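Peer 1: coords33.txt (compact mmCIF, C-alpha atoms) pasted underneath:
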# COMPACT_ATOMS: atom_id res chain seq x y z
CA MET V 1201 -61.58 -0.94 194.66
CA SER V 1202 -58.88 0.18 197.13
CA GLU V 1203 -57.28 3.62 196.95
CA SER V 1204 -54.00 2.18 195.69
CA SER V 1205 -55.47 -0.39 193.27
CA GLY V 1206 -53.73 0.03 189.91
CA ALA V 1207 -52.60 3.58 190.66
CA VAL V 1208 -49.56 3.04 192.90
CA ALA V 1209 -46.65 0.65 192.37
CA GLU V 1210 -46.92 -2.45 194.55
CA LYS V 1211 -43.43 -1.83 195.93
CA MET V 1212 -44.42 1.67 197.03
CA VAL V 1213 -47.54 0.35 198.74
CA ALA V 1214 -45.31 -2.06 200.70
CA PHE V 1215 -42.86 0.73 201.48
CA MET V 1216 -45.64 2.95 202.79
CA GLU V 1217 -46.80 0.15 205.06
CA ARG V 1218 -43.25 -0.28 206.41
CA ALA V 1219 -42.98 3.46 206.99
CA SER V 1220 -46.51 3.79 208.36
CA TRP V 1221 -45.29 4.23 211.95
CA ILE V 1222 -43.70 7.54 210.90
CA ARG V 1223 -47.01 8.79 209.50
CA LYS V 1224 -48.80 7.36 212.51
CA MET V 1225 -46.64 9.31 214.97
CA PHE V 1226 -47.09 12.50 212.98
CA GLU V 1227 -50.86 12.07 212.75
CA GLU V 1228 -51.25 11.17 216.41
CA GLY V 1229 -49.05 14.09 217.39
CA ALA V 1230 -51.15 16.48 215.32
CA ALA V 1231 -54.31 15.13 216.94
CA LEU V 1232 -52.86 15.57 220.44
CA LYS V 1233 -51.82 19.14 219.69
CA ALA V 1234 -55.24 19.97 218.24
CA LYS V 1235 -56.97 18.57 221.33
CA HIS V 1236 -54.68 19.81 224.10
CA GLY V 1237 -52.87 22.73 222.49
CA ALA V 1238 -49.40 22.54 220.97
CA ARG V 1239 -47.81 24.08 224.04
CA ASN V 1240 -49.09 21.30 226.27
CA VAL V 1241 -47.60 18.50 224.16
CA CYS V 1242 -43.95 17.54 224.62
CA ASP V 1243 -42.92 16.61 221.10
CA PHE V 1244 -39.62 14.72 220.96
CA SER V 1245 -40.44 12.92 217.72
CA LEU V 1246 -38.56 14.90 215.06
CA GLY V 1247 -34.83 15.45 214.62
CA ASN V 1248 -35.45 18.97 213.36
CA PRO V 1249 -32.77 21.33 214.77
CA ASP V 1250 -34.29 24.35 216.49
CA LEU V 1251 -31.20 26.53 216.99
CA ARG V 1252 -30.58 29.60 214.85
CA PRO V 1253 -27.89 29.30 212.16
CA PRO V 1254 -24.58 30.98 213.08
CA GLU V 1255 -24.25 34.68 212.33
CA GLU V 1256 -21.50 33.96 209.78
CA PHE V 1257 -23.98 31.90 207.76
CA GLN V 1258 -26.65 34.58 207.92
CA ALA V 1259 -24.22 37.31 206.85
CA ALA V 1260 -22.91 35.26 203.93
CA LEU V 1261 -26.46 34.39 202.85
CA GLU V 1262 -27.58 38.01 202.79
CA ARG V 1263 -24.51 39.22 200.92
CA ILE V 1264 -24.49 36.45 198.31
CA ALA V 1265 -28.26 36.63 197.76
CA ALA V 1266 -27.84 40.33 196.90
CA ASP V 1267 -25.50 39.51 194.00
CA ARG V 1268 -27.18 40.65 190.75
CA SER V 1269 -24.27 40.01 188.41
CA PRO V 1270 -24.97 38.06 185.18
CA GLY V 1271 -24.56 34.31 185.59
CA ALA V 1272 -25.07 34.34 189.35
CA HIS V 1273 -27.82 31.74 188.92
CA ALA V 1274 -26.53 29.94 185.83
CA TYR V 1275 -25.79 26.26 185.34
CA MET V 1276 -22.53 24.97 186.80
CA PRO V 1277 -20.44 21.78 186.58
CA ASN V 1278 -22.56 18.87 187.84
CA ALA V 1279 -20.16 18.22 190.71
CA GLY V 1280 -20.53 21.83 191.89
CA TYR V 1281 -18.61 25.09 191.69
CA PRO V 1282 -14.84 24.38 191.56
CA ALA V 1283 -14.07 27.12 194.10
CA VAL V 1284 -16.64 25.69 196.53
CA ARG V 1285 -15.29 22.17 196.12
CA GLU V 1286 -11.75 23.43 196.70
CA ALA V 1287 -12.85 25.05 199.99
CA ILE V 1288 -14.64 21.85 201.03
CA ALA V 1289 -11.57 19.76 200.18
CA ARG V 1290 -9.41 21.88 202.51
CA HIS V 1291 -12.01 21.46 205.25
CA VAL V 1292 -12.11 17.68 204.76
CA GLU V 1293 -8.32 17.56 205.11
CA LYS V 1294 -8.62 19.20 208.55
CA ASP V 1295 -11.18 16.62 209.69
CA HIS V 1296 -9.71 13.48 208.10
CA GLY V 1297 -6.01 14.14 207.55
CA VAL V 1298 -6.46 13.32 203.86
CA GLU V 1299 -6.84 15.94 201.14
CA PRO V 1300 -9.27 14.62 198.52
CA GLY V 1301 -8.58 17.44 196.07
CA THR V 1302 -11.20 19.46 194.25
CA ASP V 1303 -12.02 16.49 192.01
CA GLY V 1304 -12.70 14.31 195.07
CA ILE V 1305 -15.62 16.48 196.21
CA ILE V 1306 -19.14 16.32 194.76
CA MET V 1307 -21.64 18.84 196.08
CA THR V 1308 -24.99 17.16 196.76
CA VAL V 1309 -28.58 17.76 197.77
CA GLY V 1310 -27.93 16.95 201.41
CA ALA V 1311 -26.53 13.71 202.79
CA ALA V 1312 -29.55 11.82 201.45
CA GLY V 1313 -28.61 12.93 197.94
CA GLY V 1314 -25.04 11.94 198.70
CA LEU V 1315 -26.01 8.42 199.75
CA ASN V 1316 -28.16 7.96 196.68
CA ILE V 1317 -25.40 8.90 194.25
CA ILE V 1318 -22.98 6.61 196.12
CA PHE V 1319 -25.35 3.66 195.87
CA LYS V 1320 -26.15 4.45 192.23
CA ALA V 1321 -22.44 4.61 191.35
CA ILE V 1322 -21.34 1.45 193.17
CA LEU V 1323 -24.15 -1.11 193.44
CA ASN V 1324 -25.06 -3.77 190.92
CA PRO V 1325 -28.43 -5.49 191.30
CA GLY V 1326 -28.32 -7.78 194.32
CA ASP V 1327 -25.21 -6.23 195.89
CA GLN V 1328 -25.45 -5.86 199.63
CA VAL V 1329 -24.89 -2.96 201.98
CA ILE V 1330 -24.14 -3.90 205.59
CA VAL V 1331 -25.27 -1.47 208.30
CA PRO V 1332 -25.01 -1.76 212.10
CA LYS V 1333 -28.19 -1.41 214.14
CA PRO V 1334 -29.73 0.92 215.03
CA TYR V 1335 -29.80 2.81 211.76
CA PHE V 1336 -31.65 5.63 210.02
CA VAL V 1337 -34.94 4.27 208.73
CA GLU V 1338 -34.57 5.49 205.14
CA TYR V 1339 -31.30 3.65 204.43
CA GLY V 1340 -33.24 0.61 203.28
CA PHE V 1341 -35.26 2.66 200.81
CA TYR V 1342 -32.15 4.38 199.43
CA VAL V 1343 -30.36 1.06 198.89
CA ASP V 1344 -33.43 -0.42 197.21
CA ASN V 1345 -33.58 2.58 194.88
CA HIS V 1346 -30.44 1.23 193.23
CA GLY V 1347 -31.11 -2.51 193.27
CA GLY V 1348 -29.16 -3.34 196.40
CA THR V 1349 -30.04 -5.16 199.59
CA LEU V 1350 -29.64 -3.67 203.05
CA VAL V 1351 -28.23 -6.14 205.59
CA PRO V 1352 -28.64 -4.86 209.17
CA VAL V 1353 -26.38 -6.46 211.79
CA ASP V 1354 -26.58 -6.31 215.57
CA SER V 1355 -24.33 -3.98 217.53
CA ARG V 1356 -23.10 -4.51 221.05
CA GLU V 1357 -25.32 -3.68 224.01
CA ASP V 1358 -23.80 -0.19 224.26
CA PHE V 1359 -24.36 0.37 220.49
CA SER V 1360 -20.64 0.07 219.66
CA LEU V 1361 -19.66 -1.95 216.60
CA ASP V 1362 -19.82 -5.73 216.82
CA LEU V 1363 -16.99 -6.51 214.41
CA ASP V 1364 -17.63 -10.26 214.54
CA LYS V 1365 -21.19 -9.74 213.36
CA ILE V 1366 -20.06 -7.45 210.54
CA GLU V 1367 -17.39 -9.88 209.43
CA ALA V 1368 -19.86 -12.78 209.46
CA ALA V 1369 -22.26 -10.81 207.25
CA ILE V 1370 -19.68 -10.12 204.52
CA ASN V 1371 -20.04 -12.30 201.44
CA PRO V 1372 -19.08 -12.09 197.73
CA THR V 1373 -21.91 -9.62 197.04
CA THR V 1374 -20.91 -7.15 199.77
CA LYS V 1375 -19.95 -3.80 198.24
CA ILE V 1376 -20.46 -1.33 201.11
CA VAL V 1377 -20.36 -1.16 204.88
CA LEU V 1378 -22.41 1.90 205.88
CA LEU V 1379 -21.76 3.73 209.15
CA ASN V 1380 -23.52 6.67 210.79
CA SER V 1381 -21.43 8.23 213.57
CA PRO V 1382 -22.49 10.09 215.66
CA ASN V 1383 -25.42 7.80 215.29
CA ASN V 1384 -29.09 8.53 214.71
CA PRO V 1385 -30.85 7.33 216.88
CA SER V 1386 -28.42 6.17 219.61
CA GLY V 1387 -25.97 9.06 219.85
CA ALA V 1388 -23.09 6.56 219.78
CA VAL V 1389 -19.71 7.57 218.35
CA TYR V 1390 -17.72 4.64 216.98
CA SER V 1391 -14.19 4.45 218.38
CA GLU V 1392 -11.01 4.83 216.36
CA ASP V 1393 -9.82 1.40 217.51
CA ASP V 1394 -13.01 -0.22 216.22
CA LEU V 1395 -12.78 1.64 212.90
CA LYS V 1396 -9.17 0.57 212.43
CA ALA V 1397 -10.12 -3.02 213.19
CA LEU V 1398 -13.03 -2.75 210.75
CA ALA V 1399 -10.67 -1.40 208.08
CA GLY V 1400 -8.42 -4.40 208.62
CA LEU V 1401 -11.18 -6.94 208.20
CA LEU V 1402 -12.48 -5.11 205.10
CA GLU V 1403 -9.01 -5.21 203.52
CA SER V 1404 -8.91 -8.96 204.14
CA ALA V 1405 -12.40 -9.40 202.69
CA GLU V 1406 -11.43 -7.40 199.59
CA LYS V 1407 -8.54 -9.76 198.93
CA ARG V 1408 -10.72 -12.78 199.60
CA HIS V 1409 -13.53 -11.72 197.27
CA GLY V 1410 -11.49 -9.92 194.63
CA HIS V 1411 -13.27 -6.56 194.61
CA PRO V 1412 -13.34 -3.34 196.65
CA ILE V 1413 -15.62 -2.99 199.66
CA PHE V 1414 -16.24 0.66 200.44
CA LEU V 1415 -16.60 2.04 203.94
CA VAL V 1416 -19.24 4.77 203.57
CA SER V 1417 -19.60 7.16 206.49
CA ASP V 1418 -22.77 9.26 206.83
CA GLU V 1419 -21.68 12.18 209.04
CA PRO V 1420 -24.25 14.98 209.39
CA TYR V 1421 -23.69 15.03 213.17
CA ARG V 1422 -19.86 15.05 213.07
CA ARG V 1423 -19.55 18.42 214.81
CA LEU V 1424 -22.36 17.84 217.31
CA VAL V 1425 -20.37 15.97 219.96
CA PHE V 1426 -20.15 16.32 223.73
CA ASP V 1427 -17.64 16.01 226.57
CA GLY V 1428 -14.63 16.57 224.31
CA VAL V 1429 -15.40 13.53 222.14
CA THR V 1430 -13.66 13.41 218.75
CA VAL V 1431 -15.17 11.64 215.74
CA PRO V 1432 -12.44 9.45 214.13
CA PRO V 1433 -11.40 10.25 210.52
CA VAL V 1434 -12.76 7.51 208.24
CA LEU V 1435 -10.78 8.76 205.23
CA GLY V 1436 -7.62 8.74 207.31
CA ILE V 1437 -8.26 5.16 208.38
CA PHE V 1438 -9.39 3.35 205.22
CA ARG V 1439 -8.28 3.86 201.62
CA ASN V 1440 -11.64 2.81 200.18
CA GLY V 1441 -13.42 5.33 202.37
CA ILE V 1442 -16.19 7.66 201.23
CA VAL V 1443 -17.77 10.33 203.41
CA THR V 1444 -21.13 11.98 202.84
CA THR V 1445 -22.52 14.70 205.02
CA SER V 1446 -24.78 17.71 205.11
CA PHE V 1447 -24.83 21.10 206.81
CA SER V 1448 -28.34 20.47 208.13
CA LYS V 1449 -27.35 19.93 211.74
CA ASP V 1450 -24.13 21.87 212.37
CA LEU V 1451 -25.40 25.00 210.60
CA SER V 1452 -29.04 24.30 211.53
CA ILE V 1453 -30.28 24.58 207.92
CA PRO V 1454 -32.01 21.24 207.16
CA GLY V 1455 -34.49 22.81 204.75
CA GLU V 1456 -31.70 24.06 202.48
CA ARG V 1457 -30.71 20.50 201.48
CA ILE V 1458 -26.99 21.06 200.97
CA GLY V 1459 -24.14 18.61 201.53
CA TYR V 1460 -21.28 16.84 199.79
CA VAL V 1461 -19.51 13.56 199.10
CA ALA V 1462 -15.76 13.24 199.70
CA VAL V 1463 -13.79 10.34 198.23
CA HIS V 1464 -10.36 9.15 199.37
CA PRO V 1465 -7.86 10.18 196.65
CA GLU V 1466 -6.49 6.61 196.44
CA ALA V 1467 -9.86 4.81 196.42
CA ASP V 1468 -10.33 1.99 193.92
CA GLY V 1469 -12.01 3.16 190.75
CA GLY V 1470 -10.27 6.53 190.69
CA PRO V 1471 -11.60 8.87 187.99
CA ALA V 1472 -14.24 6.30 186.93
CA LEU V 1473 -15.76 6.29 190.42
CA LEU V 1474 -15.76 10.09 190.58
CA GLY V 1475 -17.28 10.25 187.11
CA ALA V 1476 -20.02 7.81 188.11
CA LEU V 1477 -20.83 9.83 191.22
CA THR V 1478 -21.04 13.04 189.19
CA LEU V 1479 -23.21 11.46 186.51
CA ALA V 1480 -25.49 9.99 189.19
CA ASN V 1481 -25.92 13.50 190.59
CA ARG V 1482 -27.33 14.51 187.21
CA ILE V 1483 -29.39 11.52 186.12
CA LEU V 1484 -31.10 11.02 189.49
CA GLY V 1485 -32.63 14.43 188.96
CA PHE V 1486 -30.58 16.47 191.42
CA VAL V 1487 -28.47 17.86 188.50
CA ASN V 1488 -26.46 19.94 190.98
CA ALA V 1489 -26.66 21.02 194.59
CA PRO V 1490 -28.41 24.41 194.99
CA ALA V 1491 -26.17 27.18 193.66
CA LEU V 1492 -26.87 29.77 196.33
CA MET V 1493 -26.29 27.36 199.21
CA GLN V 1494 -23.04 26.06 197.71
CA LYS V 1495 -21.60 29.57 197.84
CA VAL V 1496 -22.95 30.29 201.31
CA VAL V 1497 -21.66 27.14 203.01
CA ALA V 1498 -18.24 27.56 201.42
CA GLU V 1499 -17.94 30.85 203.30
CA SER V 1500 -19.34 29.58 206.60
CA ILE V 1501 -17.87 26.07 206.63
CA ASN V 1502 -15.89 26.67 209.83
CA SER V 1503 -18.96 27.91 211.72
CA VAL V 1504 -21.16 25.74 213.89
CA VAL V 1505 -24.19 26.25 216.10
CA ASP V 1506 -23.70 26.50 219.86
CA VAL V 1507 -23.21 22.82 220.70
CA GLY V 1508 -23.16 23.75 224.39
CA ILE V 1509 -26.92 24.31 224.20
CA TYR V 1510 -27.46 20.75 223.02
CA GLN V 1511 -25.12 19.42 225.71
CA ARG V 1512 -27.02 21.32 228.40
CA ARG V 1513 -30.30 19.86 227.15
CA ARG V 1514 -28.78 16.38 226.99
CA ASP V 1515 -27.60 16.61 230.58
CA ARG V 1516 -30.96 17.88 231.83
CA LEU V 1517 -32.93 15.23 229.97
CA ALA V 1518 -30.53 12.55 231.22
CA GLY V 1519 -31.39 13.57 234.78
CA ILE V 1520 -35.12 13.46 234.04
CA LEU V 1521 -34.92 10.02 232.44
CA SER V 1522 -32.75 8.66 235.25
CA ASP V 1523 -35.13 9.97 237.89
CA ALA V 1524 -38.02 8.31 236.07
CA GLY V 1525 -36.20 4.96 236.04
CA PHE V 1526 -35.15 4.63 232.38
CA GLU V 1527 -32.11 2.62 231.29
CA PHE V 1528 -30.04 4.24 228.55
CA GLU V 1529 -26.59 4.83 227.11
CA MET V 1530 -25.47 8.45 227.42
CA PRO V 1531 -25.36 9.93 223.91
CA ARG V 1532 -21.88 11.14 222.97
CA GLY V 1533 -23.07 13.05 219.91
CA ALA V 1534 -26.10 14.03 217.79
CA PHE V 1535 -29.26 15.03 219.70
CA TYR V 1536 -31.08 11.81 220.57
CA PHE V 1537 -31.60 9.47 223.51
CA PHE V 1538 -32.43 5.86 222.72
CA PRO V 1539 -33.51 4.35 226.06
CA ARG V 1540 -34.73 0.81 226.56
CA THR V 1541 -38.47 0.48 227.06
CA PRO V 1542 -39.76 -1.07 230.30
CA VAL V 1543 -42.13 -3.27 228.27
CA GLU V 1544 -41.15 -5.45 225.32
CA ASP V 1545 -43.44 -3.69 222.86
CA ASP V 1546 -41.86 -0.31 222.15
CA ALA V 1547 -44.93 0.91 220.21
CA GLU V 1548 -47.09 0.09 223.23
CA PHE V 1549 -44.82 2.13 225.48
CA ALA V 1550 -44.81 5.04 223.01
CA ALA V 1551 -48.61 4.95 223.28
CA ILE V 1552 -48.36 5.04 227.09
CA LEU V 1553 -46.18 8.14 226.81
CA GLN V 1554 -48.72 9.74 224.49
CA LYS V 1555 -51.28 9.53 227.29
CA GLN V 1556 -48.90 11.82 229.17
CA LEU V 1557 -48.76 14.09 226.09
CA ILE V 1558 -45.19 13.00 225.27
CA LEU V 1559 -44.33 12.11 221.68
CA THR V 1560 -41.43 9.73 220.95
CA VAL V 1561 -40.62 7.28 218.13
CA PRO V 1562 -40.64 3.48 218.56
CA GLY V 1563 -37.21 1.92 218.13
CA ARG V 1564 -38.48 -0.76 215.74
CA GLY V 1565 -38.33 1.84 212.97
CA PHE V 1566 -34.56 1.99 213.49
CA GLY V 1567 -34.10 -1.77 213.51
CA CYS V 1568 -34.04 -1.95 217.33
CA PRO V 1569 -37.37 -2.82 218.95
CA GLY V 1570 -37.48 -2.44 222.70
CA HIS V 1571 -36.27 1.18 222.56
CA ILE V 1572 -37.70 4.61 221.87
CA ARG V 1573 -36.00 7.60 220.27
CA ILE V 1574 -36.22 10.94 222.07
CA ALA V 1575 -34.97 13.96 220.10
CA PHE V 1576 -33.74 16.74 222.39
CA CYS V 1577 -33.41 19.42 219.69
CA VAL V 1578 -36.34 21.14 221.40
CA ASP V 1579 -36.80 24.16 223.64
CA ASP V 1580 -35.63 23.78 227.25
CA ASP V 1581 -39.19 24.35 228.40
CA VAL V 1582 -40.35 21.22 226.58
CA ILE V 1583 -37.74 19.17 228.42
CA GLU V 1584 -38.73 20.61 231.79
CA ARG V 1585 -42.44 20.03 231.20
CA SER V 1586 -41.81 16.39 230.26
CA ALA V 1587 -40.39 15.35 233.66
CA GLU V 1588 -43.69 14.55 235.34
CA GLY V 1589 -45.04 12.74 232.29
CA PHE V 1590 -42.02 10.44 232.01
CA LYS V 1591 -42.36 9.59 235.71
CA LYS V 1592 -46.09 8.88 235.44
CA ALA V 1593 -45.60 6.68 232.37
CA MET V 1594 -43.03 4.57 234.19
CA SER V 1595 -44.98 4.40 237.42
CA SER V 1596 -48.11 3.31 235.53
CA LEU V 1597 -46.33 0.03 234.88
Would you write the structure of this file as structure tokens?

Peer 2:
Amino acid sequence: MSESSGAVAEKMVAFMERASWIRKMFEEGAALKAKHGARNVCDFSLGNPDLRPPEEFQAALERIAADRSPGAHAYMPNAGYPAVREAIARHVEKDHGVEPGTDGIIMTVGAAGGLNIIFKAILNPGDQVIVPKPYFVEYGFYVDNHGGTLVPVDSREDFSLDLDKIEAAINPTTKIVLLNSPNNPSGAVYSEDDLKALAGLLESAEKRHGHPIFLVSDEPYRRLVFDGVTVPPVLGIFRNGIVTTSFSKDLSIPGERIGYVAVHPEADGGPALLGALTLANRILGFVNAPALMQKVVAESINSVVDVGIYQRRRDRLAGILSDAGFEFEMPRGAFYFFPRTPVEDDAEFAAILQKQLILTVPGRGFGCPGHIRIAFCVDDDVIERSAEGFKKAMSSL
């Protein structure tokens, strides 16, 4: 009898097989570190920010955690503290040019929690969610959680949106087009012109099919951009826009699991949509976002880690990869490179890099085989030590 026989749902067994490359990279990385010493392994596999949170965050955390007044840790409205949501709404207005109001903000357990309540609130069984490639590996699992179907579509060679492919994928069951910009894993930032064109084709599709199609933007990297790049305002571009984000990357607090959903004030569904999102927050088991972190991020919402450190690392790693002979698009945001692999099998090339004690992630896990993801949210020393290994891996071919 197998380990999973009768004990684990068949769907979960299949999901674990699809996600096995993630476990495989973790296990192989642990084995390499045990054999050669952690300091000798250049681990670019995880998008786990390594910078310290800003001082404003730390100060607010210490002060708020010291509060011993009655009710400091009591239940709250399921959408979150009204004062926190009001502060978030003002912040969203600065970024998007649209003020969603306190009622248009739902505090969530990170962006992952935000996506799950969006899908729970909007999708009927069989409804489809279109996403451009490459995309975050867990999107498919989140959509499946709520009976939907993820429909990945090709992007252009430079990872910009292929609007023709998106339009061709829309059918009567399409409820959501899901974007992630700056993008994990490519670092691409979708242009305002492309987003406006996308909004136009979605408006036409809504009229054609007789129901709203929401443009959902997953934005945890919004403030991690380089070279003066600006991330276009989805809410300012499309009436049926919904934004979800977290503070994991810009405040460097991924373990705190705190984020929010912001809904355009004129989105179809109005109070019913907001009510569904709030109820989903409760019945999916989140109940509310963590109380302490809600208060802390409301007071440090205008702070951000030193993005210049990430840009310096990006520029240095770009030089190393270029010298080694890699082909890649320069990331404009986030903290990933997504170069093409010199052999067709990206997992095979990731294994070649492992022989040089370099850990990366095969692009097939992001819907784009023939690439690898390299996360540069690592110490500068790791980047420097990787140079010879990248060269040797390429020259071995």

Peer 1: Counting all atoms listed in the file, which of V:Gly1387, V:Gly1533, V:Pro1372, V:Gly1237 gets nearest to V:Ala1405?

Peer 2: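 Of V:Gly1387, V:Gly1533, V:Pro1372, V:Gly1237, the one nearest V:Ala1405, counting all atoms listed in the file, is V:Pro1372.
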
Peer 1: Check the smallest atom-to-atom distance from each of V:Leu1557, V:Leu1251, V:Leu1246, V:Val1416 to V:Ala1231 using all atoms listed in the file, then report the winner.

Peer 2: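 The answer is V:Leu1557, which sits nearest to V:Ala1231.
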
Peer 1: Counting all atoms listed in the file, figure out which residue out of V:Pro1562, V:Ile1376, V:Gln1554, V:Ile1574 gets nearest to V:Ala1230.

Peer 2: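 The answer is V:Gln1554, which sits nearest to V:Ala1230.
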
Peer 1: Could you tell me how far atom CA of V:Glu1217 sits from atom CA of V:Pro1334, in Å to one decimal place?

Peer 2: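 Computed distance, atom CA of V:Pro1334 to atom CA of V:Glu1217, equals 19.8 Å.
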
Peer 1: Taking only residues of stretch 1367-1443 of chain V that have an atom at most 9 Å from an atom of stretch 1448-1466 of chain V, what is each one's shortest atom pair and its distance in Å to one decimal, using all atoms listed in the file, in chain and number order, as a tab-separated table?

Peer 2:
residue	atom	partner	partner_atom	distance
V:Pro1420	CA	V:Lys1449	CA	6.3
V:Tyr1421	CA	V:Lys1449	CA	6.3
V:Arg1422	CA	V:Asp1450	CA	8.1
V:Arg1423	CA	V:Asp1450	CA	6.2
V:Leu1424	CA	V:Asp1450	CA	6.6
V:Leu1435	CA	V:His1464	CA	5.9
V:Gly1436	CA	V:His1464	CA	8.4
V:Phe1438	CA	V:His1464	CA	8.3
V:Arg1439	CA	V:His1464	CA	6.1
V:Asn1440	CA	V:His1464	CA	6.5
V:Gly1441	CA	V:His1464	CA	5.7
V:Ile1442	CA	V:Val1463	CA	4.7
V:Val1443	CA	V:Ala1462	CA	5.1

Peer 1: Which one of V:Ala1214, V:Val1309, V:Ala1368, V:Cys1568 sits closest to V:Gly1280 if you count all atoms listed in the file?

Peer 2: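 Nearest candidate to V:Gly1280 out of V:Ala1214, V:Val1309, V:Ala1368, V:Cys1568: V:Val1309.
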
Peer 1: Please provide the set of residues having any atom within 8 Å of V:Glu1256, restricted to all atoms listed in the file, with same-chain residues fewer than 4 positions apart removed, written as a list of chain:residue names.

Peer 2: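 Answer for this query is V:Ala1260, V:Ser1500, V:Ser1503.
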
Peer 1: Keeping only C-alpha atoms, take the residues you just selected and write them out as a compact mmCIF listing (two decimals), keeping the file's coordinate frame.

Peer 2:
# COMPACT_ATOMS: atom_id res chain seq x y z
CA ALA V 1260 -22.91 35.26 203.93
CA SER V 1500 -19.34 29.58 206.60
CA SER V 1503 -18.96 27.91 211.72

Peer 1: V:Ala1283, V:Ala1321, V:Ala1534, V:Ile1366: which is nearest V:Gly1475, counting only C-alpha atoms?

Peer 2: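 Comparing V:Ala1283, V:Ala1321, V:Ala1534, V:Ile1366 against V:Gly1475, the winner is V:Ala1321.
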
Peer 1: Which of these, V:Asn1502, V:Gln1494, V:Ser1404, V:Thr1373, has the shortest distance to V:Glu1255 once you count all atoms listed in the file?

Peer 2: V:Asn1502

Peer 1: Expressed in Å to a single decimal, how great is the separation between atom CA of V:Val1353 and atom CA of V:Gln1328?

Peer 2: 12.2 Å

Peer 1: Mind checking which residues fall within 12 Å of V:Pro1382, counting all atoms listed in the file, ignoring those fewer than 2 positions away in the same chain, and posting them as a VMD selection string?

Peer 2: chain V and resid 1334 to 1336 1359 to 1360 1379 to 1380 1384 to 1391 1417 to 1426 1429 to 1432 1445 1449 1531 to 1536

Peer 1: Step by step, gather every atom of stretch 1237-1246 of chain V that the file lists, find the box along x, y and z that holds them, add 8 Å on each side, and finally give centre and edge lengths in Å to one decimal, as lines of an AutoDock Vina configuration file.

Peer 2:
center_x = -45.7
center_y = 18.5
center_z = 220.7
size_x = 30.3
size_y = 27.2
size_z = 27.2

Peer 1: Would it be fine to have stretch 1376-1389 of chain V, with N, CA and C atoms, given as an mmCIF file, in the first residue's frame?

Peer 2:
data_model
loop_
_atom_site.group_PDB
_atom_site.id
_atom_site.type_symbol
_atom_site.label_atom_id
_atom_site.label_comp_id
_atom_site.auth_asym_id
_atom_site.auth_seq_id
_atom_site.Cartn_x
_atom_site.Cartn_y
_atom_site.Cartn_z
ATOM 1 N N ILE V 1376 -12.163 36.679 -14.975
ATOM 2 C CA ILE V 1376 -11.035 37.444 -14.448
ATOM 3 C C ILE V 1376 -9.859 37.358 -15.412
ATOM 4 N N VAL V 1377 -9.178 38.474 -15.602
ATOM 5 C CA VAL V 1377 -7.829 38.479 -16.165
ATOM 6 C C VAL V 1377 -6.910 38.878 -15.021
ATOM 7 N N LEU V 1378 -5.938 38.026 -14.721
ATOM 8 C CA LEU V 1378 -5.062 38.191 -13.564
ATOM 9 C C LEU V 1378 -3.679 38.640 -14.023
ATOM 10 N N LEU V 1379 -3.223 39.766 -13.482
ATOM 11 C CA LEU V 1379 -1.900 40.293 -13.799
ATOM 12 C C LEU V 1379 -1.030 40.332 -12.553
ATOM 13 N N ASN V 1380 0.274 40.223 -12.757
ATOM 14 C CA ASN V 1380 1.252 40.356 -11.683
ATOM 15 C C ASN V 1380 2.384 41.236 -12.213
ATOM 16 N N SER V 1381 2.378 42.514 -11.774
ATOM 17 C CA SER V 1381 3.334 43.487 -12.299
ATOM 18 C C SER V 1381 3.736 44.436 -11.181
ATOM 19 N N PRO V 1382 5.065 44.561 -10.919
ATOM 20 C CA PRO V 1382 6.199 43.820 -11.484
ATOM 21 C C PRO V 1382 6.033 42.315 -11.300
ATOM 22 N N ASN V 1383 6.534 41.613 -12.295
ATOM 23 C CA ASN V 1383 6.209 40.203 -12.428
ATOM 24 C C ASN V 1383 7.212 39.288 -11.738
ATOM 25 N N ASN V 1384 6.677 38.298 -11.048
ATOM 26 C CA ASN V 1384 7.446 37.155 -10.562
ATOM 27 C C ASN V 1384 7.124 36.002 -11.500
ATOM 28 N N PRO V 1385 8.089 35.565 -12.335
ATOM 29 C CA PRO V 1385 9.533 35.611 -12.144
ATOM 30 C C PRO V 1385 10.328 36.520 -13.089
ATOM 31 N N SER V 1386 9.677 37.251 -14.006
ATOM 32 C CA SER V 1386 10.439 37.894 -15.084
ATOM 33 C C SER V 1386 10.959 39.276 -14.739
ATOM 34 N N GLY V 1387 10.354 39.939 -13.736
ATOM 35 C CA GLY V 1387 10.728 41.309 -13.446
ATOM 36 C C GLY V 1387 10.125 42.319 -14.404
ATOM 37 N N ALA V 1388 9.241 41.866 -15.310
ATOM 38 C CA ALA V 1388 8.614 42.773 -16.267
ATOM 39 C C ALA V 1388 7.600 43.675 -15.568
ATOM 40 N N VAL V 1389 7.471 44.907 -16.076
ATOM 41 C CA VAL V 1389 6.438 45.840 -15.628
ATOM 42 C C VAL V 1389 5.577 46.151 -16.850
#
